[in-house]
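K.L.:
Next up, my_file_6.pdb (PDB, C-alpha atoms and all ligand atoms).
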ATOM      1  CA  MET X   1     -63.459  81.801 -28.353
ATOM      2  CA  ILE X   2     -62.514  85.350 -27.455
ATOM      3  CA  LYS X   3     -64.113  84.830 -24.107
ATOM      4  CA  ARG X   4     -62.126  81.685 -23.563
ATOM      5  CA  SER X   5     -58.764  83.241 -24.375
ATOM      6  CA  LEU X   6     -59.624  86.199 -22.182
ATOM      7  CA  LEU X   7     -60.319  83.835 -19.327
ATOM      8  CA  LEU X   8     -57.131  81.969 -20.070
ATOM      9  CA  SER X   9     -55.018  85.115 -20.062
ATOM     10  CA  LEU X  10     -56.700  86.244 -16.850
ATOM     11  CA  PHE X  11     -55.863  82.882 -15.352
ATOM     12  CA  LEU X  12     -52.264  83.104 -16.521
ATOM     13  CA  ALA X  13     -51.956  86.648 -15.198
ATOM     14  CA  THR X  14     -53.210  85.608 -11.754
ATOM     15  CA  THR X  15     -50.907  82.608 -11.527
ATOM     16  CA  ALA X  16     -47.984  84.766 -12.614
ATOM     17  CA  ALA X  17     -48.849  87.294  -9.917
ATOM     18  CA  GLN X  18     -49.170  84.524  -7.376
ATOM     19  CA  ALA X  19     -45.802  83.133  -8.382
ATOM     20  CA  GLN X  20     -44.321  86.604  -8.002
ATOM     21  CA  ASP X  21     -45.860  86.990  -4.534
ATOM     22  CA  LYS X  22     -44.371  83.689  -3.592
ATOM     23  CA  ALA X  23     -40.962  84.729  -4.873
ATOM     24  CA  ALA X  24     -41.184  87.982  -2.912
ATOM     25  CA  ALA X  25     -42.134  86.048   0.221
ATOM     26  CA  GLN X  26     -39.024  83.889  -0.069
ATOM     27  CA  PRO X  27     -35.969  85.826   1.061
ATOM     28  CA  ASP X  28     -32.663  85.274  -0.679
ATOM     29  CA  MET X  29     -30.993  83.038   1.884
ATOM     30  CA  ALA X  30     -27.648  82.845   0.100
ATOM     31  CA  LYS X  31     -27.409  86.630   0.166
ATOM     32  CA  ALA X  32     -28.488  86.684   3.826
ATOM     33  CA  LYS X  33     -25.790  84.195   4.764
ATOM     34  CA  GLN X  34     -23.191  86.275   2.963
ATOM     35  CA  THR X  35     -24.244  89.506   4.709
ATOM     36  CA  ALA X  36     -24.367  87.684   8.025
ATOM     37  CA  GLU X  37     -20.832  86.421   7.559
ATOM     38  CA  GLN X  38     -19.319  89.569   6.117
ATOM     39  CA  VAL X  39     -21.133  92.287   8.062
ATOM     40  CA  CYS X  40     -23.159  91.179  11.081
ATOM     41  CA  GLY X  41     -20.719  88.430  11.988
ATOM     42  CA  ALA X  42     -18.089  90.948  13.075
ATOM     43  CA  CYS X  43     -20.177  91.683  16.167
ATOM     44  CA  HIS X  44     -22.822  88.962  16.463
ATOM     45  CA  GLY X  45     -20.782  86.022  15.163
ATOM     46  CA  ALA X  46     -21.562  84.646  11.689
ATOM     47  CA  ASP X  47     -23.742  81.993  13.327
ATOM     48  CA  GLY X  48     -25.346  84.535  15.686
ATOM     49  CA  ASN X  49     -23.365  83.409  18.725
ATOM     50  CA  SER X  50     -21.678  86.646  19.695
ATOM     51  CA  GLN X  51     -18.668  86.377  21.987
ATOM     52  CA  ILE X  52     -19.060  89.841  23.494
ATOM     53  CA  PRO X  53     -21.764  90.540  26.089
ATOM     54  CA  ALA X  54     -22.602  93.993  24.667
ATOM     55  CA  ASN X  55     -23.579  92.374  21.366
ATOM     56  CA  PRO X  56     -26.628  90.188  21.787
ATOM     57  CA  LYS X  57     -26.751  86.622  20.607
ATOM     58  CA  LEU X  58     -29.139  86.278  17.695
ATOM     59  CA  ALA X  59     -28.897  82.515  17.156
ATOM     60  CA  GLY X  60     -32.163  80.709  17.780
ATOM     61  CA  GLN X  61     -34.102  83.922  18.389
ATOM     62  CA  HIS X  62     -37.577  84.020  16.825
ATOM     63  CA  ALA X  63     -37.393  85.318  13.256
ATOM     64  CA  GLU X  64     -40.447  87.541  13.756
ATOM     65  CA  TYR X  65     -38.862  89.245  16.747
ATOM     66  CA  LEU X  66     -35.553  89.755  14.892
ATOM     67  CA  LEU X  67     -37.388  91.211  11.912
ATOM     68  CA  LYS X  68     -39.339  93.592  14.131
ATOM     69  CA  GLN X  69     -36.116  94.795  15.768
ATOM     70  CA  LEU X  70     -34.372  95.341  12.436
ATOM     71  CA  ARG X  71     -37.355  97.339  11.169
ATOM     72  CA  ASN X  72     -37.459  99.277  14.439
ATOM     73  CA  PHE X  73     -33.761 100.218  14.167
ATOM     74  CA  LYS X  74     -34.359 101.793  10.762
ATOM     75  CA  SER X  75     -35.239 105.427  10.456
ATOM     76  CA  VAL X  76     -37.871 105.903   7.766
ATOM     77  CA  ASP X  77     -38.489 109.221   5.995
ATOM     78  CA  GLY X  78     -36.114 111.034   8.326
ATOM     79  CA  LYS X  79     -38.237 110.162  11.378
ATOM     80  CA  PRO X  80     -36.410 108.893  14.445
ATOM     81  CA  ALA X  81     -36.162 105.111  14.581
ATOM     82  CA  GLU X  82     -38.493 103.315  16.982
ATOM     83  CA  ARG X  83     -35.516 101.630  18.634
ATOM     84  CA  VAL X  84     -32.681 104.101  18.721
ATOM     85  CA  ASN X  85     -29.191 102.622  18.551
ATOM     86  CA  GLY X  86     -26.299 104.344  16.781
ATOM     87  CA  ILE X  87     -24.575 101.142  15.712
ATOM     88  CA  MET X  88     -27.617  99.199  14.562
ATOM     89  CA  GLY X  89     -29.168 102.303  12.991
ATOM     90  CA  GLY X  90     -26.166 102.461  10.702
ATOM     91  CA  MET X  91     -26.273  98.718  10.022
ATOM     92  CA  VAL X  92     -29.862  98.645   8.805
ATOM     93  CA  ALA X  93     -29.781 101.923   6.859
ATOM     94  CA  ALA X  94     -28.958 100.194   3.582
ATOM     95  CA  LEU X  95     -30.966  97.006   4.174
ATOM     96  CA  SER X  96     -34.203  96.416   2.279
ATOM     97  CA  ASP X  97     -37.161  94.739   3.955
ATOM     98  CA  ASP X  98     -36.325  91.551   2.044
ATOM     99  CA  ASP X  99     -32.726  91.693   3.282
ATOM    100  CA  MET X 100     -34.075  91.984   6.828
ATOM    101  CA  LYS X 101     -36.389  89.008   6.317
ATOM    102  CA  GLY X 102     -33.489  86.932   5.019
ATOM    103  CA  LEU X 103     -31.167  87.907   7.876
ATOM    104  CA  SER X 104     -33.874  87.215  10.461
ATOM    105  CA  ALA X 105     -34.521  83.774   9.005
ATOM    106  CA  HIS X 106     -30.784  83.098   8.834
ATOM    107  CA  PHE X 107     -30.076  83.919  12.476
ATOM    108  CA  ALA X 108     -33.259  82.262  13.729
ATOM    109  CA  SER X 109     -32.163  79.005  12.105
ATOM    110  CA  GLN X 110     -28.757  78.972  13.819
ATOM    111  CA  GLN X 111     -28.017  76.862  16.871
ATOM    112  CA  LEU X 112     -27.801  78.904  20.063
ATOM    113  CA  LYS X 113     -24.754  78.362  22.240
ATOM    114  CA  SER X 114     -26.133  79.367  25.604
ATOM    115  CA  GLU X 115     -24.425  81.505  28.188
ATOM    116  CA  SER X 116     -24.841  80.621  31.815
ATOM    117  CA  SER X 117     -24.190  82.422  35.046
ATOM    118  CA  LYS X 118     -22.345  81.560  38.174
ATOM    119  CA  ASN X 119     -23.724  84.263  40.440
ATOM    120  CA  GLN X 120     -25.914  82.153  42.702
ATOM    121  CA  ALA X 121     -27.462  85.037  44.660
ATOM    122  CA  SER X 122     -28.747  86.855  41.591
ATOM    123  CA  ILE X 123     -29.871  83.577  40.025
ATOM    124  CA  GLU X 124     -32.125  82.923  43.009
ATOM    125  CA  LEU X 125     -33.602  86.421  43.035
ATOM    126  CA  GLY X 126     -34.094  86.251  39.303
ATOM    127  CA  GLN X 127     -35.749  82.897  39.526
ATOM    128  CA  ARG X 128     -38.278  84.177  42.064
ATOM    129  CA  LEU X 129     -39.217  87.164  39.931
ATOM    130  CA  TRP X 130     -39.252  85.037  36.818
ATOM    131  CA  ARG X 131     -41.744  82.571  38.216
ATOM    132  CA  GLY X 132     -43.906  84.652  40.462
ATOM    133  CA  GLY X 133     -43.144  88.323  39.923
ATOM    134  CA  ASP X 134     -43.411  90.625  42.909
ATOM    135  CA  GLN X 135     -46.939  91.547  43.796
ATOM    136  CA  LYS X 136     -45.982  94.393  46.119
ATOM    137  CA  ARG X 137     -43.959  96.124  43.453
ATOM    138  CA  GLY X 138     -46.412  95.358  40.674
ATOM    139  CA  ILE X 139     -44.014  93.128  38.739
ATOM    140  CA  PRO X 140     -45.688  90.334  36.788
ATOM    141  CA  ALA X 141     -43.988  86.981  36.330
ATOM    142  CA  CYS X 142     -41.644  87.176  33.374
ATOM    143  CA  ALA X 143     -42.502  83.563  32.587
ATOM    144  CA  ALA X 144     -46.035  84.601  31.717
ATOM    145  CA  CYS X 145     -44.832  86.119  28.474
ATOM    146  CA  HIS X 146     -41.335  84.804  27.914
ATOM    147  CA  GLY X 147     -42.228  81.214  28.764
ATOM    148  CA  PRO X 148     -41.344  79.099  31.793
ATOM    149  CA  ALA X 149     -37.846  78.404  30.481
ATOM    150  CA  GLY X 150     -37.311  81.718  28.714
ATOM    151  CA  ALA X 151     -37.765  80.312  25.221
ATOM    152  CA  GLY X 152     -40.157  83.129  24.362
ATOM    153  CA  LEU X 153     -43.080  82.767  22.053
ATOM    154  CA  PRO X 154     -43.210  83.745  18.427
ATOM    155  CA  ALA X 155     -43.940  86.286  17.186
ATOM    156  CA  GLN X 156     -44.001  88.898  19.918
ATOM    157  CA  TYR X 157     -42.123  87.569  22.917
ATOM    158  CA  PRO X 158     -38.383  87.132  22.493
ATOM    159  CA  ARG X 159     -36.326  84.233  23.753
ATOM    160  CA  LEU X 160     -34.215  85.351  26.714
ATOM    161  CA  SER X 161     -32.752  82.016  27.648
ATOM    162  CA  GLY X 162     -29.063  81.671  26.796
ATOM    163  CA  GLN X 163     -28.580  85.419  26.257
ATOM    164  CA  PHE X 164     -25.745  87.322  27.935
ATOM    165  CA  ALA X 165     -26.744  88.508  31.404
ATOM    166  CA  GLU X 166     -25.107  91.871  30.695
ATOM    167  CA  TYR X 167     -27.163  92.462  27.557
ATOM    168  CA  THR X 168     -30.397  91.485  29.309
ATOM    169  CA  GLU X 169     -29.609  93.808  32.185
ATOM    170  CA  ALA X 170     -28.763  96.656  29.815
ATOM    171  CA  GLN X 171     -32.097  96.236  28.009
ATOM    172  CA  LEU X 172     -34.055  96.231  31.273
ATOM    173  CA  LYS X 173     -32.313  99.455  32.285
ATOM    174  CA  ALA X 174     -32.979 100.975  28.862
ATOM    175  CA  PHE X 175     -36.688 100.097  29.168
ATOM    176  CA  ARG X 176     -36.746 101.560  32.677
ATOM    177  CA  ALA X 177     -35.150 104.797  31.518
ATOM    178  CA  GLY X 178     -37.440 104.925  28.488
ATOM    179  CA  GLU X 179     -34.383 104.899  26.228
ATOM    180  CA  ARG X 180     -35.766 101.776  24.599
ATOM    181  CA  ALA X 181     -39.391 102.429  23.796
ATOM    182  CA  ASN X 182     -40.296 100.016  21.014
ATOM    183  CA  ASP X 183     -42.177  97.534  23.205
ATOM    184  CA  PRO X 184     -45.805  97.131  22.148
ATOM    185  CA  ALA X 185     -48.306  98.560  24.650
ATOM    186  CA  LYS X 186     -45.367  99.705  26.814
ATOM    187  CA  MET X 187     -45.235  96.172  28.179
ATOM    188  CA  MET X 188     -41.568  96.181  29.141
ATOM    189  CA  ARG X 189     -41.411  99.853  30.135
ATOM    190  CA  THR X 190     -44.245  99.293  32.603
ATOM    191  CA  ILE X 191     -42.600  96.196  34.025
ATOM    192  CA  ALA X 192     -39.119  97.675  34.260
ATOM    193  CA  ARG X 193     -40.393 100.754  36.069
ATOM    194  CA  PRO X 194     -42.752  99.110  38.501
ATOM    195  CA  SER X 195     -44.685 100.975  41.096
ATOM    196  CA  PRO X 196     -47.474  99.734  43.328
ATOM    197  CA  THR X 197     -49.762 102.311  41.767
ATOM    198  CA  THR X 198     -48.952 102.098  38.066
ATOM    199  CA  PRO X 199     -50.475  98.811  37.003
ATOM    200  CA  PRO X 200     -53.147  98.203  39.657
ATOM    201  CA  ALA X 201     -54.432  95.185  37.834
ATOM    202  CA  CYS X 202     -51.090  93.476  38.359
ATOM    203  CA  ALA X 203     -51.875  93.080  42.013
ATOM    204  CA  GLU X 204     -54.958  91.067  41.145
ATOM    205  CA  ARG X 205     -53.140  88.334  39.422
ATOM    206  CA  ARG X 206     -53.094  84.877  40.886
ATOM    207  CA  GLN X 207     -50.015  83.935  42.838
ATOM    208  CA  PRO X 208     -47.802  82.112  42.302
ATOM    209  CA  PRO X 209     -47.287  82.270  39.359
ATOM    210  CA  GLY X 210     -50.453  83.671  37.841
ATOM    211  CA  PRO X 211     -51.100  85.375  34.586
ATOM    212  CA  PRO X 212     -50.349  89.087  34.669
ATOM    213  CA  SER X 213     -52.977  91.782  34.563
ATOM    214  CA  PRO X 214     -55.435  91.807  31.670
ATOM    215  CA  ARG X 215     -53.377  94.590  30.147
ATOM    216  CA  LEU X 216     -50.309  92.460  30.389
ATOM    217  CA  ARG X 217     -51.940  89.151  29.698
ATOM    218  CA  PRO X 218     -49.949  86.782  27.531
ATOM    219  CA  PRO X 219     -51.607  84.999  24.657
ATOM    220  CA  ARG X 220     -53.914  82.099  25.386
ATOM    221  CA  GLY X 221     -52.232  78.806  25.962
ATOM    222  CA  HIS X 222     -49.107  80.531  27.196
ATOM    223  CA  GLU X 223     -50.026  81.375  30.732
ATOM    224  CA  ALA X 224     -47.307  80.947  33.293
ATOM    225  CA  GLY X 225     -46.548  77.368  34.049
ATOM    226  CA  ASP X 226     -48.063  76.090  30.879
ATOM    227  CA  GLY X 227     -45.290  74.724  28.768
ATOM    228  CA  PRO X 228     -46.018  73.497  25.269
ATOM    229  CA  SER X 229     -46.707  70.120  26.830
ATOM    230  CA  GLY X 230     -49.179  71.677  29.239
ATOM    231  CA  GLN X 231     -46.856  70.862  32.092
ATOM    232  CA  ARG X 232     -44.767  73.014  34.301
ATOM    233  CA  GLU X 233     -41.421  72.863  32.753
ATOM    234  CA  GLY X 234     -38.169  74.608  33.312
ATOM    235  CA  TRP X 235     -38.946  75.581  36.863
ATOM    236  CA  SER X 236     -35.664  74.231  38.064
ATOM    237  CA  ARG X 237     -33.756  76.453  35.714
ATOM    238  CA  PRO X 238     -32.025  79.642  36.776
ATOM    239  CA  PRO X 239     -33.832  82.507  35.094
ATOM    240  CA  LEU X 240     -33.936  86.320  34.884
ATOM    241  CA  PHE X 241     -30.487  87.515  33.946
ATOM    242  CA  HIS X 242     -29.101  84.055  33.923
ATOM    243  CA  PHE X 243     -31.234  81.577  32.098
ATOM    244  CA  GLN X 244     -29.669  78.614  30.493
ATOM    245  CA  GLY X 245     -30.777  77.303  27.156
ATOM    246  CA  ARG X 246     -32.909  74.282  26.803
TER     247      ARG X 246
HETATM  248  C1  LIG S   1     -20.444  96.940  15.113
HETATM  249  C2  LIG S   1     -21.158  95.881  15.800
HETATM  250  C3  LIG S   1     -22.463  95.384  15.165
HETATM  251  C4  LIG S   1     -22.676  94.951  13.874
HETATM  252  C5  LIG S   1     -21.669  94.876  12.727
HETATM  253  C6  LIG S   1     -24.054  94.520  13.820
HETATM  254  N1  LIG S   1     -24.646  94.660  15.052
HETATM  255 FE1  LIG S   1     -26.556  94.126  15.553
HETATM  256  N2  LIG S   1     -26.286  94.866  17.421
HETATM  257  C7  LIG S   1     -25.131  95.415  17.900
HETATM  258  C8  LIG S   1     -25.342  95.913  19.253
HETATM  259  C9  LIG S   1     -24.316  96.599  20.130
HETATM  260  C10 LIG S   1     -26.700  95.625  19.560
HETATM  261  C11 LIG S   1     -27.432  95.948  20.869
HETATM  262  C12 LIG S   1     -28.113  97.288  20.732
HETATM  263  C13 LIG S   1     -28.732  97.722  22.040
HETATM  264  O1  LIG S   1     -28.037  97.688  23.052
HETATM  265  O2  LIG S   1     -29.910  98.060  22.033
HETATM  266  C14 LIG S   1     -27.248  94.970  18.399
HETATM  267  C15 LIG S   1     -28.569  94.510  18.320
HETATM  268  C16 LIG S   1     -29.079  93.787  17.264
HETATM  269  C17 LIG S   1     -30.400  93.195  17.229
HETATM  270  C18 LIG S   1     -31.435  93.216  18.338
HETATM  271  C19 LIG S   1     -31.351  91.916  19.120
HETATM  272  C20 LIG S   1     -32.313  91.802  20.250
HETATM  273  O3  LIG S   1     -32.236  90.791  20.963
HETATM  274  O4  LIG S   1     -33.158  92.673  20.449
HETATM  275  C21 LIG S   1     -30.529  92.591  16.006
HETATM  276  C22 LIG S   1     -31.725  91.836  15.492
HETATM  277  C23 LIG S   1     -29.292  92.806  15.280
HETATM  278  N3  LIG S   1     -28.423  93.526  16.077
HETATM  279  C24 LIG S   1     -29.040  92.328  14.009
HETATM  280  C25 LIG S   1     -27.901  92.640  13.261
HETATM  281  C26 LIG S   1     -27.744  92.304  11.862
HETATM  282  C27 LIG S   1     -28.739  91.526  11.027
HETATM  283  C28 LIG S   1     -26.531  92.805  11.479
HETATM  284  C29 LIG S   1     -25.893  92.760  10.095
HETATM  285  C30 LIG S   1     -26.630  93.429   9.049
HETATM  286  C31 LIG S   1     -25.926  93.439  12.652
HETATM  287  N4  LIG S   1     -26.803  93.327  13.704
HETATM  288  C32 LIG S   1     -24.673  94.024  12.681
HETATM  289  C33 LIG S   1     -23.916  95.494  17.236
HETATM  290  C34 LIG S   1     -23.721  95.189  15.902
HETATM  291  C1  LIG S   2     -46.771  91.099  29.328
HETATM  292  C2  LIG S   2     -45.768  90.365  28.636
HETATM  293  C3  LIG S   2     -44.331  90.482  29.190
HETATM  294  C4  LIG S   2     -43.898  90.213  30.470
HETATM  295  C5  LIG S   2     -44.718  89.811  31.670
HETATM  296  C6  LIG S   2     -42.458  90.406  30.424
HETATM  297  N1  LIG S   2     -42.049  90.752  29.162
HETATM  298 FE1  LIG S   2     -40.143  91.109  28.585
HETATM  299  N2  LIG S   2     -40.789  91.556  26.677
HETATM  300  C7  LIG S   2     -42.102  91.527  26.276
HETATM  301  C8  LIG S   2     -42.170  91.922  24.886
HETATM  302  C9  LIG S   2     -43.414  92.020  24.041
HETATM  303  C10 LIG S   2     -40.838  92.196  24.467
HETATM  304  C11 LIG S   2     -40.375  92.622  23.062
HETATM  305  C12 LIG S   2     -40.382  94.119  22.922
HETATM  306  C13 LIG S   2     -40.065  94.530  21.482
HETATM  307  O1  LIG S   2     -40.853  94.181  20.591
HETATM  308  O2  LIG S   2     -39.047  95.182  21.263
HETATM  309  C14 LIG S   2     -39.998  91.956  25.632
HETATM  310  C15 LIG S   2     -38.618  92.133  25.640
HETATM  311  C16 LIG S   2     -37.800  91.877  26.715
HETATM  312  C17 LIG S   2     -36.361  92.006  26.713
HETATM  313  C18 LIG S   2     -35.492  92.442  25.544
HETATM  314  C19 LIG S   2     -34.942  91.214  24.842
HETATM  315  C20 LIG S   2     -33.952  91.510  23.753
HETATM  316  O3  LIG S   2     -33.497  90.546  23.124
HETATM  317  O4  LIG S   2     -33.602  92.670  23.519
HETATM  318  C21 LIG S   2     -35.931  91.659  27.966
HETATM  319  C22 LIG S   2     -34.507  91.623  28.454
HETATM  320  C23 LIG S   2     -37.104  91.300  28.737
HETATM  321  N3  LIG S   2     -38.234  91.440  27.960
HETATM  322  C24 LIG S   2     -37.053  90.870  30.065
HETATM  323  C25 LIG S   2     -38.184  90.604  30.846
HETATM  324  C26 LIG S   2     -38.119  90.291  32.249
HETATM  325  C27 LIG S   2     -36.846  90.135  33.051
HETATM  326  C28 LIG S   2     -39.417  90.158  32.679
HETATM  327  C29 LIG S   2     -39.924  89.912  34.093
HETATM  328  C30 LIG S   2     -39.495  90.865  35.103
HETATM  329  C31 LIG S   2     -40.275  90.365  31.519
HETATM  330  N4  LIG S   2     -39.483  90.632  30.421
HETATM  331  C32 LIG S   2     -41.647  90.262  31.539
HETATM  332  C33 LIG S   2     -43.196  91.157  27.053
HETATM  333  C34 LIG S   2     -43.167  90.824  28.373
END
Would you mind writing the file out in structure tokens?
P.N.:
Amino acid sequence: MIKRSLLLSLFLATTAAQAQDKAAAQPDMAKAKQTAEQVCGACHGADGNSQIPANPKLAGQHAEYLLKQLRNFKSVDGKPAERVNGIMGGMVAALSDDDMKGLSAHFASQQLKSESSKNQASIELGQRLWRGGDQKRGIPACAACHGPAGAGLPAQYPRLSGQFAEYTEAQLKAFRAGERANDPAKMMRTIARPSPTTPPACAERRQPPGPPSPRLRPPRGHEAGDGPSGQREGWSRPPLFHFQGR
């Protein structure tokens, strides 16, 4: 009898703990919506569709990527943040990890209103680099990681399609200058500061558009040209700074 009640209480304790875990895993979406509207919305738009090119659009971005960025903006134990930005550093200072999860889920679930570009010359250059990279300069095809149409790939590779050209350009320059240094394995810093000698393996990639070097290889099933349907999709779209949404 004692044994049985012990087992029962053990069982109850485990289910209670499991229930608690589940509760912790579920962010408070009502609170997230409120913060999004009252705080973040001032710059990013309450629905994540910022109107100002300096403030990135967050709508439709992968939740995992948003969460990583929010964590990266936060300085922990007085150490410098992994992604240093005065404005966003201040914004995340008071946010808990659960708040960040909620906000990431909120903005990821919003409908992106895409920007588009009218600068035909830079669209064409961008499109070439996007699809095939530039072997001579050691630039891999952006599509290899960010997807043929710039939709990105959860969890690591952000969506670029529909973003403001100005913001995208600013981030590329920040990666090149090393001012933004939170990219895993220096992926974007290497790409934004290409040199024929830096990533020798880049030159070995198949052309066009082949997967990048083993160091820069995207996850399986997401090699350049392989859309979710296994077909080449989005190749007619204007990429690099000026992708349009799908
Ligand atoms: C005062 C304006 C302002 C407010 C308010 C603000 N942000 Fe930002 N946010 C920015 C700017 C500017 C950037 C771009 C930083 C850079 O250039 O690296 C940014 C970047 C971001 C990014 C990175 C996006 C990407 O594509 O990498 C995320 C995520 C983000 N903000 C979320 C939030 C959330 C969530 C809130 C509310 C808690 C918020 N922001 C409030 C101005 C703001
Ligand atoms: C090997 C994979 C890989 C390739 C190839 C690649 N990227 Fe990236 N890119 C990443 C990763 C990973 C991140 C996210 C970094 C982070 O976690 O902060 C990123 C982030 C970015 C961002 C920042 C997005 C934001 O919302 O702030 C821009 C802009 C970008 N990449 C542009 C490009 C362009 C343009 C090319 C082609 C010249 C390219 N990338 C090629 C992996 C790649």
K.L.:
What do you get as a compact mmCIF listing (two decimals) with C-alpha atoms, in the frame of the given file if you pick all residues at most 8 Å from ligand LIG 1 (chain S), counting only C-alpha atoms and all ligand atoms?
P.N.:
# COMPACT_ATOMS: atom_id res chain seq x y z
CA THR X 35 -24.24 89.51 4.71
CA ALA X 36 -24.37 87.68 8.02
CA VAL X 39 -21.13 92.29 8.06
CA CYS X 40 -23.16 91.18 11.08
CA GLY X 41 -20.72 88.43 11.99
CA ALA X 42 -18.09 90.95 13.08
CA CYS X 43 -20.18 91.68 16.17
CA HIS X 44 -22.82 88.96 16.46
CA ALA X 54 -22.60 93.99 24.67
CA ASN X 55 -23.58 92.37 21.37
CA PRO X 56 -26.63 90.19 21.79
CA LYS X 57 -26.75 86.62 20.61
CA LEU X 58 -29.14 86.28 17.70
CA GLN X 61 -34.10 83.92 18.39
CA TYR X 65 -38.86 89.24 16.75
CA LEU X 66 -35.55 89.76 14.89
CA LEU X 67 -37.39 91.21 11.91
CA LYS X 68 -39.34 93.59 14.13
CA GLN X 69 -36.12 94.80 15.77
CA LEU X 70 -34.37 95.34 12.44
CA ARG X 83 -35.52 101.63 18.63
CA VAL X 84 -32.68 104.10 18.72
CA ASN X 85 -29.19 102.62 18.55
CA ILE X 87 -24.58 101.14 15.71
CA MET X 88 -27.62 99.20 14.56
CA MET X 91 -26.27 98.72 10.02
CA VAL X 92 -29.86 98.64 8.80
CA LEU X 95 -30.97 97.01 4.17
CA MET X 100 -34.08 91.98 6.83
CA LEU X 103 -31.17 87.91 7.88
CA SER X 104 -33.87 87.22 10.46
CA PHE X 107 -30.08 83.92 12.48
CA PRO X 158 -38.38 87.13 22.49
CA TYR X 167 -27.16 92.46 27.56
CA ALA X 170 -28.76 96.66 29.82
CA GLN X 171 -32.10 96.24 28.01
CA ARG X 180 -35.77 101.78 24.60
K.L.:
Once you count only C-alpha atoms and all ligand atoms, which residues end up within 6 Å of ligand LIG 2 (chain S), and could you hand them over as an NGL selection string?
P.N.:
:X and (130 or 140-142 or 144-145 or 156-158 or 168 or 171-172 or 182-184 or 187-188 or 216-218 or 240)
K.L.:
Kindly give the distance, in Å, that separates CA of Ser96 (chain X) and CA of Gly60 (chain X), rounded to a single decimal.
P.N.:
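The value is 22.2 Å.
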K.L.:
What is the distance between CA of Pro154 (chain X) and CA of Ser116 (chain X), in Å to one decimal?
P.N.:
22.9 Å
K.L.:
Could you tell me how far CA of Ala149 (chain X) lies from CA of Arg131 (chain X), in Å and to one decimal?
P.N.:
9.6 Å
K.L.:
Counting only C-alpha atoms, which of X:Leu125, X:Ile52, X:Ala143, X:Ala108 gets nearest to Glu64 (chain X)?
P.N.:
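Of X:Leu125, X:Ile52, X:Ala143, X:Ala108, the one nearest Glu64 (chain X) is X:Ala108, counting only C-alpha atoms.
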K.L.:
Just the residues within 8 Å of Gln111 (chain X), please, counting only C-alpha atoms, with nothing from its chain fewer than 2 positions along; format it as a VMD selection string.
P.N.:
chain X and resid 47 59 to 60 109 113
K.L.:
With all atoms of region 140-148 of chain X from the file as input, state the centre and edge lengths in Å to one decimal of the axis-aligned box that has 4 Å extra on each side, as AutoDock Vina command-line options.
P.N.:
--center_x -43.7 --center_y 84.7 --center_z 32.4 --size_x 12.7 --size_y 19.2 --size_z 16.9
K.L.:
Quick one: of X:Lys101, X:Lys136, X:His62, X:Lys118, who's nearest to Leu153 (chain X), counting all atoms listed in the file?
P.N.:
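Ranking X:Lys101, X:Lys136, X:His62, X:Lys118 by distance to Leu153 (chain X), first place goes to X:His62.
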K.L.:
Name the closest residue to Gly150 (chain X) among the candidates X:Ser114, X:Ser75, X:Gln135, X:Ser122; distances are taken between atoms, counting all atoms listed in the file.
P.N.:
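The shortest atom-to-atom distance to Gly150 (chain X) comes from X:Ser114.
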